[in-house]
$ cat coords22.cif   # mmCIF, C-alpha atoms and all ligand atoms
data_coords
loop_
_atom_site.label_atom_id
_atom_site.label_comp_id
_atom_site.auth_asym_id
_atom_site.auth_seq_id
_atom_site.Cartn_x
_atom_site.Cartn_y
_atom_site.Cartn_z
CA MET Q 904 102.42 95.46 151.27
CA PRO Q 905 100.58 94.20 148.18
CA GLY Q 906 102.22 91.37 146.30
CA PHE Q 907 102.87 91.44 142.57
CA ASP Q 908 103.84 87.79 142.05
CA LYS Q 909 101.34 87.08 139.28
CA SER Q 910 102.18 90.36 137.53
CA GLN Q 911 105.89 89.56 137.70
CA ALA Q 912 105.44 85.98 136.47
CA LEU Q 913 103.35 87.18 133.51
CA TYR Q 914 105.91 89.86 132.74
CA GLN Q 915 108.72 87.30 132.65
CA ARG Q 916 106.65 85.18 130.23
CA ALA Q 917 105.90 88.28 128.13
CA ARG Q 918 109.60 89.14 127.84
CA LYS Q 919 110.24 85.82 126.13
CA VAL Q 920 107.67 86.28 123.37
CA ILE Q 921 107.15 90.04 123.06
CA PRO Q 922 110.09 92.42 122.42
CA GLY Q 923 110.36 94.48 125.59
CA GLY Q 924 107.69 92.42 127.38
CA ILE Q 925 105.22 95.28 127.53
CA PRO Q 926 106.35 97.66 124.78
CA GLY Q 927 105.68 101.37 124.60
CA HIS Q 928 104.30 103.73 127.19
CA GLN Q 929 102.75 101.01 129.36
CA THR Q 930 106.13 99.52 130.18
CA PRO Q 931 106.59 98.96 133.92
CA GLY Q 932 110.19 100.13 133.41
CA LEU Q 933 109.21 103.67 134.37
CA MET Q 934 108.01 102.56 137.82
CA ARG Q 935 110.19 101.30 140.67
CA ARG Q 936 111.08 97.73 139.84
CA GLY Q 937 108.72 95.14 141.27
CA GLU Q 938 106.68 97.69 143.21
CA SER Q 939 103.76 98.22 140.90
CA PRO Q 940 101.43 96.01 138.90
CA CYS Q 941 102.12 95.06 135.28
CA PHE Q 942 98.77 93.52 134.32
CA ILE Q 943 95.15 94.42 135.02
CA GLU Q 944 92.39 91.90 135.51
CA LYS Q 945 89.35 94.19 135.46
CA ALA Q 946 88.23 97.75 136.01
CA GLU Q 947 85.07 99.57 137.06
CA GLY Q 948 84.40 103.30 137.55
CA CYS Q 949 87.70 104.92 138.59
CA ARG Q 950 89.11 101.70 140.05
CA PHE Q 951 91.03 98.74 138.68
CA TRP Q 952 92.07 95.36 140.04
CA ASP Q 953 95.47 93.95 139.11
CA VAL Q 954 96.08 90.26 138.44
CA ASP Q 955 97.24 89.78 142.05
CA GLY Q 956 93.89 91.04 143.36
CA ASN Q 957 95.11 94.48 144.54
CA THR Q 958 92.67 97.37 143.99
CA TYR Q 959 93.55 100.94 143.07
CA ILE Q 960 91.92 104.29 142.53
CA ASP Q 961 93.29 105.09 139.10
CA TYR Q 962 94.81 108.45 138.13
CA MET Q 963 96.10 107.31 134.74
CA CYS Q 964 92.72 106.40 133.20
CA ALA Q 965 94.36 104.11 130.61
CA TYR Q 966 96.65 107.10 129.79
CA GLY Q 967 93.60 109.20 128.94
CA PRO Q 968 90.94 107.14 127.16
CA MET Q 969 88.82 106.44 130.25
CA ILE Q 970 86.95 109.66 130.94
CA LEU Q 971 83.49 108.64 132.21
CA GLY Q 972 84.65 105.62 134.19
CA TYR Q 973 85.61 102.10 133.19
CA ASN Q 974 82.69 99.94 132.10
CA HIS Q 975 80.33 102.92 132.05
CA PRO Q 976 76.73 101.62 131.80
CA LYS Q 977 75.51 104.10 129.16
CA VAL Q 978 78.55 103.59 126.95
CA GLU Q 979 78.43 99.82 127.37
CA GLU Q 980 74.71 99.77 126.53
CA ALA Q 981 75.34 101.66 123.27
CA VAL Q 982 78.30 99.40 122.52
CA GLN Q 983 76.32 96.23 123.14
CA LYS Q 984 73.46 97.45 120.93
CA GLN Q 985 75.85 97.97 118.02
CA ARG Q 986 77.85 94.82 118.76
CA LEU Q 987 74.71 92.72 118.35
CA LYS Q 988 74.18 94.26 114.91
CA GLY Q 989 77.86 93.88 113.99
CA ASN Q 990 81.04 95.92 114.16
CA CYS Q 991 83.13 95.61 111.01
CA PHE Q 992 81.30 95.59 107.67
CA ASN Q 993 82.00 96.17 103.94
CA LEU Q 994 80.44 99.59 104.35
CA PRO Q 995 80.12 101.95 107.30
CA SER Q 996 77.13 101.85 109.63
CA PRO Q 997 74.87 104.95 109.80
CA LEU Q 998 76.71 105.85 113.01
CA LEU Q 999 79.49 107.28 110.82
CA VAL Q 1000 77.22 110.11 109.71
CA GLU Q 1001 75.57 110.56 113.10
CA LEU Q 1002 78.92 110.89 114.88
CA ALA Q 1003 80.38 113.18 112.20
CA GLU Q 1004 77.35 115.49 112.48
CA TYR Q 1005 77.56 115.47 116.27
CA LEU Q 1006 81.26 116.37 116.31
CA VAL Q 1007 80.98 119.05 113.64
CA ALA Q 1008 78.17 120.69 115.64
CA LEU Q 1009 80.18 120.39 118.88
CA VAL Q 1010 83.62 121.69 117.85
CA PRO Q 1011 83.42 125.40 116.95
CA SER Q 1012 86.02 125.60 114.19
CA ALA Q 1013 85.02 122.38 112.43
CA ASP Q 1014 82.98 121.77 109.27
CA TRP Q 1015 84.01 118.19 108.55
CA THR Q 1016 85.67 115.18 110.13
CA VAL Q 1017 87.38 111.90 109.27
CA PHE Q 1018 87.89 108.95 111.60
CA GLY Q 1019 90.85 106.71 112.39
CA LYS Q 1020 91.78 104.43 115.27
CA ASN Q 1021 94.76 105.99 117.05
CA GLY Q 1022 95.99 109.49 117.68
CA SER Q 1023 98.93 108.94 115.36
CA ASP Q 1024 96.56 108.18 112.46
CA VAL Q 1025 95.06 111.63 112.65
CA THR Q 1026 98.18 113.66 113.48
CA ASN Q 1027 99.87 112.12 110.42
CA TYR Q 1028 96.78 112.80 108.32
CA ALA Q 1029 96.52 116.41 109.53
CA CYS Q 1030 100.09 117.11 108.39
CA GLN Q 1031 99.30 115.65 104.96
CA VAL Q 1032 96.17 117.79 104.66
CA ALA Q 1033 98.17 120.90 105.62
CA ARG Q 1034 100.68 120.08 102.87
CA ALA Q 1035 97.97 119.32 100.33
CA HIS Q 1036 96.25 122.61 101.16
CA THR Q 1037 99.31 124.87 101.05
CA GLY Q 1038 101.43 123.05 98.47
CA LYS Q 1039 104.31 123.46 100.99
CA LYS Q 1040 106.40 120.90 102.80
CA LYS Q 1041 107.57 121.94 106.27
CA ILE Q 1042 105.77 121.12 109.50
CA ILE Q 1043 106.70 123.03 112.66
CA MET Q 1044 106.33 121.43 116.09
CA ALA Q 1045 107.45 122.35 119.62
CA GLU Q 1046 110.73 120.82 120.82
CA GLY Q 1047 110.09 117.66 122.82
CA ALA Q 1048 106.36 117.48 122.02
CA TYR Q 1049 104.76 114.10 121.40
CA HIS Q 1050 102.49 113.70 118.39
CA GLY Q 1051 102.61 109.92 117.98
CA ILE Q 1052 104.72 107.26 116.32
CA GLY Q 1053 104.88 108.66 112.78
CA ALA Q 1054 108.44 108.61 111.40
CA TRP Q 1055 108.36 112.42 111.25
CA CYS Q 1056 107.83 112.85 115.01
CA ASN Q 1057 108.55 109.61 116.91
CA PRO Q 1058 110.75 110.67 119.85
CA ASN Q 1059 112.75 107.44 119.51
CA THR Q 1060 114.68 107.55 116.23
CA THR Q 1061 115.56 103.84 116.01
CA GLY Q 1062 114.70 102.67 112.51
CA ILE Q 1063 113.96 106.19 111.34
CA THR Q 1064 116.05 107.95 108.69
CA GLU Q 1065 117.23 111.56 108.59
CA GLU Q 1066 115.22 111.92 105.41
CA ASP Q 1067 112.02 111.19 107.37
CA ARG Q 1068 112.68 114.36 109.39
CA VAL Q 1069 113.95 116.82 106.78
CA ASN Q 1070 110.64 118.63 106.63
CA VAL Q 1071 110.14 118.95 110.38
CA LEU Q 1072 111.22 122.13 112.16
CA THR Q 1073 111.13 122.81 115.89
CA PHE Q 1074 111.00 125.78 118.25
CA PRO Q 1075 110.89 126.09 122.07
CA TYR Q 1076 107.31 126.00 123.39
CA ASN Q 1077 105.80 129.31 124.54
CA ASP Q 1078 108.35 131.38 122.63
CA PRO Q 1079 106.42 133.43 120.04
CA GLN Q 1080 109.57 135.15 118.78
CA ALA Q 1081 111.37 131.85 118.15
CA LEU Q 1082 108.29 130.55 116.36
CA GLN Q 1083 108.12 133.65 114.20
CA ASN Q 1084 111.81 133.31 113.37
CA VAL Q 1085 111.34 129.69 112.21
CA VAL Q 1086 108.39 130.71 110.07
CA LYS Q 1087 110.30 133.66 108.57
CA ALA Q 1088 113.41 131.61 107.84
CA ASN Q 1089 111.31 129.02 106.00
CA LYS Q 1090 108.74 131.44 104.71
CA ASP Q 1091 108.07 129.90 101.37
CA ASP Q 1092 107.82 126.36 102.57
CA VAL Q 1093 105.86 126.13 105.86
CA ALA Q 1094 102.72 124.00 105.47
CA GLY Q 1095 101.60 123.70 109.07
CA LEU Q 1096 102.21 124.18 112.76
CA ILE Q 1097 101.18 121.29 115.02
CA LEU Q 1098 100.80 121.99 118.74
CA SER Q 1099 99.22 120.41 121.76
CA PRO Q 1100 96.91 122.87 123.58
CA PHE Q 1101 99.42 123.15 126.42
CA ARG Q 1102 102.86 121.64 126.98
CA HIS Q 1103 102.47 118.14 128.36
CA ASP Q 1104 105.72 116.42 127.40
CA ALA Q 1105 106.49 113.35 129.51
CA PHE Q 1106 109.32 113.81 132.05
CA HIS Q 1107 108.68 117.59 132.24
CA ASP Q 1108 106.60 119.90 134.35
CA GLN Q 1109 103.64 120.99 132.27
CA GLU Q 1110 103.32 124.50 130.89
CA MET Q 1111 100.18 126.41 129.98
CA PRO Q 1112 100.40 128.69 126.92
CA THR Q 1113 101.17 132.31 127.80
CA GLU Q 1114 98.81 135.00 126.54
CA SER Q 1115 101.54 136.41 124.28
CA PHE Q 1116 102.14 132.96 122.77
CA LEU Q 1117 98.40 132.53 122.13
CA GLN Q 1118 98.25 135.98 120.55
CA GLY Q 1119 101.20 135.09 118.35
CA LEU Q 1120 99.42 131.92 117.24
CA ARG Q 1121 96.24 133.78 116.41
CA ALA Q 1122 98.19 136.30 114.33
CA LEU Q 1123 100.34 133.73 112.56
CA CYS Q 1124 97.74 131.19 111.59
CA ASN Q 1125 95.46 133.24 109.40
CA PRO Q 1126 94.12 131.89 106.10
CA GLU Q 1127 97.34 133.01 104.34
CA GLY Q 1128 99.72 131.57 106.93
CA PRO Q 1129 100.64 128.03 108.00
CA VAL Q 1130 97.77 125.68 108.84
CA LEU Q 1131 97.31 125.50 112.62
CA ILE Q 1132 96.80 121.93 113.79
CA ILE Q 1133 95.79 121.48 117.43
CA ASP Q 1134 96.76 118.03 118.63
CA ASP Q 1135 94.10 117.48 121.29
CA VAL Q 1136 94.67 113.72 121.34
CA ARG Q 1137 95.70 113.71 125.00
CA ALA Q 1138 93.87 116.70 126.47
CA GLY Q 1139 90.70 116.53 124.38
CA PHE Q 1140 87.41 116.75 126.36
CA ARG Q 1141 89.20 117.34 129.68
CA LEU Q 1142 89.43 121.14 129.38
CA ASP Q 1143 86.27 121.86 127.42
CA LEU Q 1144 83.81 119.48 125.83
CA ARG Q 1145 84.10 121.50 122.60
CA GLY Q 1146 87.82 120.77 122.48
CA SER Q 1147 90.77 122.52 124.11
CA ALA Q 1148 91.10 125.06 121.27
CA ALA Q 1149 87.78 126.57 122.39
CA TYR Q 1150 89.11 126.74 125.97
CA PHE Q 1151 92.02 128.89 124.74
CA ASN Q 1152 89.96 130.81 122.18
CA LEU Q 1153 91.99 129.43 119.29
CA HIS Q 1154 90.50 128.75 115.88
CA PRO Q 1155 92.68 126.04 114.35
CA GLN Q 1156 92.09 124.87 110.80
CA LEU Q 1157 92.57 121.27 111.98
CA ASN Q 1158 91.85 119.54 115.32
CA CYS Q 1159 92.99 116.03 116.25
CA PHE Q 1160 91.18 113.96 118.88
CA SER Q 1161 91.43 110.37 120.10
CA LYS Q 1162 92.00 108.94 123.61
CA ALA Q 1163 88.89 110.06 125.55
CA LEU Q 1164 86.61 110.23 122.51
CA GLY Q 1165 85.25 106.70 122.90
CA ASN Q 1166 85.76 106.13 126.66
CA GLY Q 1167 88.28 103.40 125.88
CA TYR Q 1168 87.03 102.17 122.50
CA PRO Q 1169 89.50 102.72 119.65
CA ILE Q 1170 88.63 105.78 117.67
CA SER Q 1171 90.29 109.02 116.59
CA ALA Q 1172 89.07 111.98 114.58
CA CYS Q 1173 90.57 114.83 112.59
CA LEU Q 1174 88.22 117.78 112.24
CA GLY Q 1175 88.80 120.61 109.82
CA ASN Q 1176 87.31 123.81 108.50
CA LYS Q 1177 85.60 124.38 105.16
CA ALA Q 1178 88.63 125.88 103.43
CA LEU Q 1179 90.55 122.63 103.86
CA MET Q 1180 87.79 120.29 102.71
CA PRO Q 1181 88.92 120.01 99.06
CA SER Q 1182 92.47 119.08 100.18
CA ALA Q 1183 91.15 116.70 102.84
CA ARG Q 1184 89.20 114.89 100.15
CA LYS Q 1185 92.37 114.34 98.11
CA VAL Q 1186 94.48 112.79 100.91
CA TYR Q 1187 94.12 109.01 100.89
CA PHE Q 1188 93.21 108.04 104.44
CA THR Q 1189 91.99 104.57 105.22
CA GLY Q 1190 92.43 101.56 107.47
CA SER Q 1191 90.83 98.12 107.79
CA PHE Q 1192 89.08 99.11 111.02
CA PHE Q 1193 88.53 102.86 110.58
CA MET Q 1194 84.82 102.43 109.89
CA SER Q 1195 84.00 100.00 112.74
CA GLY Q 1196 80.62 100.79 114.23
CA VAL Q 1197 81.15 99.82 117.87
CA PRO Q 1198 83.71 102.55 118.71
CA MET Q 1199 81.48 105.08 116.95
CA ALA Q 1200 78.55 104.02 119.15
CA ALA Q 1201 80.85 104.38 122.17
CA ALA Q 1202 81.95 107.87 121.07
CA LEU Q 1203 78.39 109.12 120.59
CA ALA Q 1204 77.31 107.75 123.97
CA THR Q 1205 80.43 109.21 125.65
CA LEU Q 1206 79.96 112.70 124.24
CA ARG Q 1207 76.24 112.77 125.03
CA GLU Q 1208 76.79 111.57 128.60
CA MET Q 1209 79.61 114.08 129.12
CA ALA Q 1210 77.30 116.90 127.98
CA GLU Q 1211 74.31 115.73 130.03
CA THR Q 1212 76.22 115.26 133.26
CA LYS Q 1213 78.47 118.32 132.89
CA ALA Q 1214 81.39 115.95 133.28
CA VAL Q 1215 84.10 118.51 132.52
CA GLU Q 1216 82.93 120.82 135.32
CA HIS Q 1217 82.86 117.86 137.72
CA MET Q 1218 86.42 116.86 136.77
CA PHE Q 1219 87.61 120.43 137.39
CA ARG Q 1220 86.00 120.43 140.88
CA MET Q 1221 87.53 117.08 141.81
CA GLY Q 1222 90.86 118.02 140.26
CA GLU Q 1223 90.99 121.21 142.32
CA GLU Q 1224 90.28 119.27 145.54
CA LEU Q 1225 93.04 116.82 144.74
CA LYS Q 1226 95.48 119.63 143.93
CA GLN Q 1227 94.73 121.59 147.12
CA GLY Q 1228 94.98 118.46 149.24
CA LEU Q 1229 98.32 117.41 147.77
CA ILE Q 1230 99.82 120.89 148.03
CA GLU Q 1231 98.75 121.19 151.70
CA GLN Q 1232 100.24 117.80 152.54
CA ALA Q 1233 103.53 118.56 150.80
CA ASP Q 1234 103.72 122.01 152.43
CA SER Q 1235 103.09 120.63 155.91
CA LEU Q 1236 106.03 118.24 155.45
CA LYS Q 1237 108.16 120.98 153.84
CA LEU Q 1238 108.48 118.97 150.64
CA GLU Q 1239 108.84 121.16 147.57
CA ILE Q 1240 106.61 119.99 144.73
CA HIS Q 1241 105.60 121.39 141.36
CA TYR Q 1242 101.96 120.80 140.52
CA THR Q 1243 101.50 121.83 136.90
CA GLY Q 1244 98.96 121.83 134.08
CA PRO Q 1245 95.17 121.85 134.22
CA VAL Q 1246 93.76 120.16 137.34
CA THR Q 1247 91.96 117.64 135.10
CA LEU Q 1248 95.32 116.47 133.66
CA PRO Q 1249 97.77 117.45 136.39
CA PHE Q 1250 101.37 116.45 136.86
CA MET Q 1251 103.27 116.50 140.13
CA THR Q 1252 107.03 116.44 140.41
CA PHE Q 1253 109.38 116.93 143.35
CA ALA Q 1254 112.05 119.63 143.39
CA ASN Q 1255 115.62 118.34 142.93
CA ASP Q 1256 114.45 114.99 141.61
CA PRO Q 1257 116.05 114.68 138.14
CA ALA Q 1258 115.80 110.87 137.98
CA PHE Q 1259 112.28 110.85 139.48
CA ASP Q 1260 113.48 108.85 142.50
CA LYS Q 1261 111.29 110.77 144.93
CA ALA Q 1262 108.37 110.51 142.53
CA LYS Q 1263 108.89 106.75 142.19
CA THR Q 1264 108.97 106.37 145.96
CA PHE Q 1265 105.78 108.44 146.21
CA CYS Q 1266 104.03 106.34 143.53
CA ALA Q 1267 105.19 103.01 144.95
CA ARG Q 1268 103.90 103.91 148.42
CA ALA Q 1269 100.64 105.32 147.01
CA ALA Q 1270 100.18 102.01 145.13
CA GLN Q 1271 100.64 100.12 148.40
CA GLU Q 1272 97.88 102.31 149.82
CA GLY Q 1273 95.60 101.61 146.83
CA VAL Q 1274 96.14 104.65 144.59
CA PHE Q 1275 97.78 104.48 141.16
CA PHE Q 1276 99.85 107.45 139.93
CA HIS Q 1277 102.69 107.71 137.42
CA PRO Q 1278 106.07 109.17 138.44
CA SER Q 1279 107.04 110.77 135.12
CA HIS Q 1280 103.89 111.24 133.02
CA ASN Q 1281 100.92 113.54 133.58
CA TRP Q 1282 97.91 112.07 135.38
CA PHE Q 1283 94.26 112.05 134.30
CA LEU Q 1284 91.04 112.61 136.22
CA SER Q 1285 87.72 111.18 135.13
CA ALA Q 1286 84.06 111.88 135.79
CA ALA Q 1287 84.03 108.76 137.97
CA HIS Q 1288 86.36 110.31 140.55
CA GLY Q 1289 84.08 111.61 143.30
CA GLU Q 1290 84.47 113.30 146.69
CA GLU Q 1291 84.87 109.96 148.47
CA GLU Q 1292 87.65 108.80 146.12
CA ILE Q 1293 89.52 112.09 146.50
CA LYS Q 1294 89.35 111.75 150.30
CA GLN Q 1295 90.57 108.16 150.12
CA THR Q 1296 93.34 109.27 147.76
CA LEU Q 1297 94.51 111.98 150.13
CA ARG Q 1298 94.73 109.48 153.00
CA ALA Q 1299 97.04 107.41 150.81
CA THR Q 1300 99.12 110.35 149.62
CA GLN Q 1301 99.74 111.46 153.21
CA GLN Q 1302 101.54 108.14 153.72
CA ALA Q 1303 103.32 108.49 150.40
CA PHE Q 1304 104.63 111.98 151.17
CA GLU Q 1305 105.76 110.84 154.63
CA GLU Q 1306 107.73 108.02 153.03
CA VAL Q 1307 109.43 110.46 150.63
CA LYS Q 1308 110.26 112.71 153.58
CA GLU Q 1309 111.74 109.78 155.48
CA GLN Q 1310 113.80 108.39 152.60
CA PHE Q 1311 115.10 111.69 151.22
CA ALA Q 1312 115.45 113.77 154.40
C1 LIG A 1401 99.43 114.69 122.22
C2 LIG A 1401 99.42 113.34 121.61
N1 LIG A 1401 99.36 113.22 120.29
C3 LIG A 1401 99.36 112.04 119.67
C4 LIG A 1401 99.42 110.88 120.39
C5 LIG A 1401 99.43 109.56 119.70
O1 LIG A 1401 98.27 108.85 119.96
P1 LIG A 1401 98.23 107.27 119.81
O2 LIG A 1401 99.11 106.72 120.88
O3 LIG A 1401 96.80 106.93 120.02
O4 LIG A 1401 98.71 106.97 118.43
C6 LIG A 1401 99.47 110.94 121.79
C7 LIG A 1401 99.55 109.71 122.60
O5 LIG A 1401 99.86 109.73 123.76
C8 LIG A 1401 99.48 112.21 122.42
O6 LIG A 1401 99.54 112.32 123.75
#
$ encode --input "coords22.cif" --output "structure tokens"
Amino acid sequence: MPGFDKSQALYQRARKVIPGGIPGHQTPGLMRRGESPCFIEKAEGCRFWDVDGNTYIDYMCAYGPMILGYNHPKVEEAVQKQRLKGNCFNLPSPLLVELAEYLVALVPSADWTVFGKNGSDVTNYACQVARAHTGKKKIIMAEGAYHGIGAWCNPNTTGITEEDRVNVLTFPYNDPQALQNVVKANKDDVAGLILSPFRHDAFHDQEMPTESFLQGLRALCNPEGPVLIIDDVRAGFRLDLRGSAAYFNLHPQLNCFSKALGNGYPISACLGNKALMPSARKVYFTGSFFMSGVPMAAALATLREMAETKAVEHMFRMGEELKQGLIEQADSLKLEIHYTGPVTLPFMTFANDPAFDKAKTFCARAAQEGVFFHPSHNWFLSAAHGEEEIKQTLRATQQAFEEVKEQFA
């Protein structure tokens, strides 16, 4: 059994000087107490080492940003080249233009782009552009969806006023009729509809869009209707290198990316079509670090390497092997699981497990065997996960399933 003494000691120190110790989604509070690491020392490829010296094959990939592998040589080379020149200047580096041109050529529905640091920067911005373009106020989102920490959508309402939410409307995901009803009822005031490319809310099985929902979206979001914003912050570049909208044959007016764009370097992008360019120009969007050159160098190197190595296809192959292996193991032990979402961002839950106790047992045992999963959030594959790692993973998950069977028989 791996020890977590150093992790635990650091966490206790953190709790004294940082509210919550490790705030936000990286909190160890979602894992089984004391049975998973809290701090990472270093990472390489698809593996990381915690501060106690335990090693793991990683299926969280920094919650998405790591897509080519930690410390990827091509990305790090590009990063180092720019770092030696400098990162943060009075004016942008030429990489701003190079990256913008690359992205606009890559993403089918895009004619322009702006850059931020985090996903929330660009989802907030996209809503403002939709309002500036339509002159309307309301933004529609799916119930329970996550679009960042903006006051309009933060799932935790502490410190947020009712007034922050008055212009946000919701509907149940994959229900085209309910969506149409919301639009109709607010006909004169709907600026935009923001949606992730599939349903990937934490604590829920994932849900792919149905064909009738996609058809409804295509019909609704025409140039006269609400602005369609695809929030591809989490899924971006794991379904299709051109963005998940292309995978689903959607033509959104706005696309938001972040996470995997820079293989771990902080960068986000909102891409839009020509019709929205005049409004985009009017929205004031800036940040002290938005123009930093190093993350832009990382993003260019990441996208080029993904294209050259057909990384998305590789992730689908590895993801399918993992899925088949896990389903076979669960079946052979007569454990009912739900394996949902694309195989490159899968999520596995156990039937009759509302508090994720079985999932926590599974994850804790997998961690003991050197594989890191999350019990209540979707997982991520990367291009660095190869055949050998999938085999090693499946040896670990066999033990993990057996432990669940034993404890919950
Ligand atoms: C779909 C989606 N949108 C927006 C965000 C917010 O991104 P960030 O945490 O970088 O602000 C996230 C983060 O998990 C996300 O998954």
$ axis_aligned_box --input "coords22.cif" --around "ligand LIG 1401 (chain A)" --padding-each-side "8 Å" --output "JSON"
{"center_x": 98.3, "center_y": 110.7, "center_z": 121.1, "size_x": 19.1, "size_y": 24.0, "size_z": 21.3}
$ residues_around --input "coords22.cif" --residues "Arg1102 of chain Q" --least-positions-apart "6" --cutoff "8 Å" --atoms "all atoms listed in the file" --output "list in words"
Ala1048, Tyr1076, Gln1109, Glu1110, Met1111 and Pro1112 of chain Q
$ closest_atom_pairs --input "coords22.cif" --of "chain Q" --to "ligand LIG 1401 (chain A)" --cutoff "7 Å" --atoms "all atoms listed in the file" --output "Markdown table"
| residue | atom | partner | partner_atom | distance |
| --- | --- | --- | --- | --- |
| Q:Asn1021 | CA | A:LIG1401 | O3 | 3.7 |
| Q:Gly1022 | CA | A:LIG1401 | O1 | 3.3 |
| Q:Ser1023 | CA | A:LIG1401 | O4 | 3.7 |
| Q:Asp1024 | CA | A:LIG1401 | O4 | 6.5 |
| Q:Thr1026 | CA | A:LIG1401 | C3 | 6.5 |
| Q:Tyr1049 | CA | A:LIG1401 | C2 | 5.4 |
| Q:His1050 | CA | A:LIG1401 | N1 | 3.7 |
| Q:Gly1051 | CA | A:LIG1401 | C5 | 3.6 |
| Q:Ile1052 | CA | A:LIG1401 | O4 | 6.4 |
| Q:Ser1099 | CA | A:LIG1401 | C1 | 5.7 |
| Q:Asp1134 | CA | A:LIG1401 | C1 | 5.6 |
| Q:Asp1135 | CA | A:LIG1401 | C1 | 6.1 |
| Q:Val1136 | CA | A:LIG1401 | C2 | 4.8 |
| Q:Arg1137 | CA | A:LIG1401 | O6 | 4.3 |
| Q:Ser1161 | CA | A:LIG1401 | O3 | 6.4 |
| Q:Lys1162 | CA | A:LIG1401 | O3 | 6.3 |
$ write_last_selection --input "coords22.cif" --atoms "C-alpha atoms" --output "short mmCIF file (atom, residue, chain, number, x, y, z; two decimals), in the frame of the given file"
data_model
loop_
_atom_site.label_atom_id
_atom_site.label_comp_id
_atom_site.auth_asym_id
_atom_site.auth_seq_id
_atom_site.Cartn_x
_atom_site.Cartn_y
_atom_site.Cartn_z
CA ASN Q 1021 94.76 105.99 117.05
CA GLY Q 1022 95.99 109.49 117.68
CA SER Q 1023 98.93 108.94 115.36
CA ASP Q 1024 96.56 108.18 112.46
CA THR Q 1026 98.18 113.66 113.48
CA TYR Q 1049 104.76 114.10 121.40
CA HIS Q 1050 102.49 113.70 118.39
CA GLY Q 1051 102.61 109.92 117.98
CA ILE Q 1052 104.72 107.26 116.32
CA SER Q 1099 99.22 120.41 121.76
CA ASP Q 1134 96.76 118.03 118.63
CA ASP Q 1135 94.10 117.48 121.29
CA VAL Q 1136 94.67 113.72 121.34
CA ARG Q 1137 95.70 113.71 125.00
CA SER Q 1161 91.43 110.37 120.10
CA LYS Q 1162 92.00 108.94 123.61
#
$ residues_around --input "coords22.cif" --residues "segment 1145-1149 of chain Q" --least-positions-apart "5" --cutoff "10 Å" --atoms "all atoms listed in the file" --output "list in words"
Leu1006, Val1007, Ala1008, Leu1009, Val1010, Pro1011, Ser1012, Ser1099, Pro1100, Phe1101, Ile1132, Ile1133, Asp1134, Asp1135, Val1136, Ala1138, Gly1139, Phe1140, His1154, Pro1155, Asn1158, Cys1159, Phe1160, Leu1206 and Ala1210 of chain Q
$ closest_residue --input "coords22.cif" --among "Q:Lys1294, Q:Lys1020, Q:Lys1185, Q:Lys1177" --to "Gln1227 of chain Q" --atoms "all atoms listed in the file"
Q:Lys1294
$ atom_distance --input "coords22.cif" --atom1 "atom CA of Lys988 of chain Q" --atom2 "atom CA of Ala946 of chain Q"
25.6 Å
$ atom_distance --input "coords22.cif" --atom1 "atom CA of Ser1182 of chain Q" --atom2 "atom CA of Val1069 of chain Q"
22.6 Å
$ atom_distance --input "coords22.cif" --atom1 "atom CA of Ile943 of chain Q" --atom2 "atom CA of His1288 of chain Q"
19.0 Å
$ residues_around --input "coords22.cif" --residues "Ser1195 of chain Q" --least-positions-apart "6" --cutoff "8 Å" --atoms "all atoms listed in the file" --output "JSON, numbers by chain"
{"Q": [990, 991, 992, 995, 996]}
$ residues_near_point --input "coords22.cif" --point "(102.7, 101.0, 137.4)" --cutoff "8 Å" --atoms "only C-alpha atoms" --output "PDB file with C-alpha atoms, in the coordinates of the input"
ATOM      1  CA  PRO Q 931     106.590  98.960 133.920  1.00  0.00           C
ATOM      2  CA  LEU Q 933     109.210 103.670 134.370  1.00  0.00           C
ATOM      3  CA  MET Q 934     108.010 102.560 137.820  1.00  0.00           C
ATOM      4  CA  GLU Q 938     106.680  97.690 143.210  1.00  0.00           C
ATOM      5  CA  SER Q 939     103.760  98.220 140.900  1.00  0.00           C
ATOM      6  CA  PRO Q 940     101.430  96.010 138.900  1.00  0.00           C
ATOM      7  CA  CYS Q 941     102.120  95.060 135.280  1.00  0.00           C
ATOM      8  CA  PHE Q1275      97.780 104.480 141.160  1.00  0.00           C
ATOM      9  CA  PHE Q1276      99.850 107.450 139.930  1.00  0.00           C
ATOM     10  CA  HIS Q1277     102.690 107.710 137.420  1.00  0.00           C
TER      11      HIS Q1277
END
$ residues_around --input "coords22.cif" --residues "segment 967-978 of chain Q" --least-positions-apart "2" --cutoff "9 Å" --atoms "all atoms listed in the file" --output "number ranges by chain"
Q: 946-951, 963-965, 980-983, 1136-1138, 1140-1141, 1161-1169, 1200-1205, 1208-1209, 1214, 1248, 1282-1288
$ closest_residue --input "coords22.cif" --among "Q:Gln1232, Q:Thr1037, Q:Gln1310, Q:Asn1255" --to "Asp1092 of chain Q" --atoms "all atoms listed in the file"
Q:Thr1037
$ closest_residue --input "coords22.cif" --among "Q:Asn1077, Q:Trp952, Q:Leu1153, Q:Tyr962" --to "Asn1125 of chain Q" --atoms "all atoms listed in the file"
Q:Leu1153
$ residues_near_point --input "coords22.cif" --point "(94.1, 91.1, 134.7)" --cutoff "6 Å" --atoms "all atoms listed in the file" --output "VMD selection string"
chain Q and resid 942 to 945 953 to 954
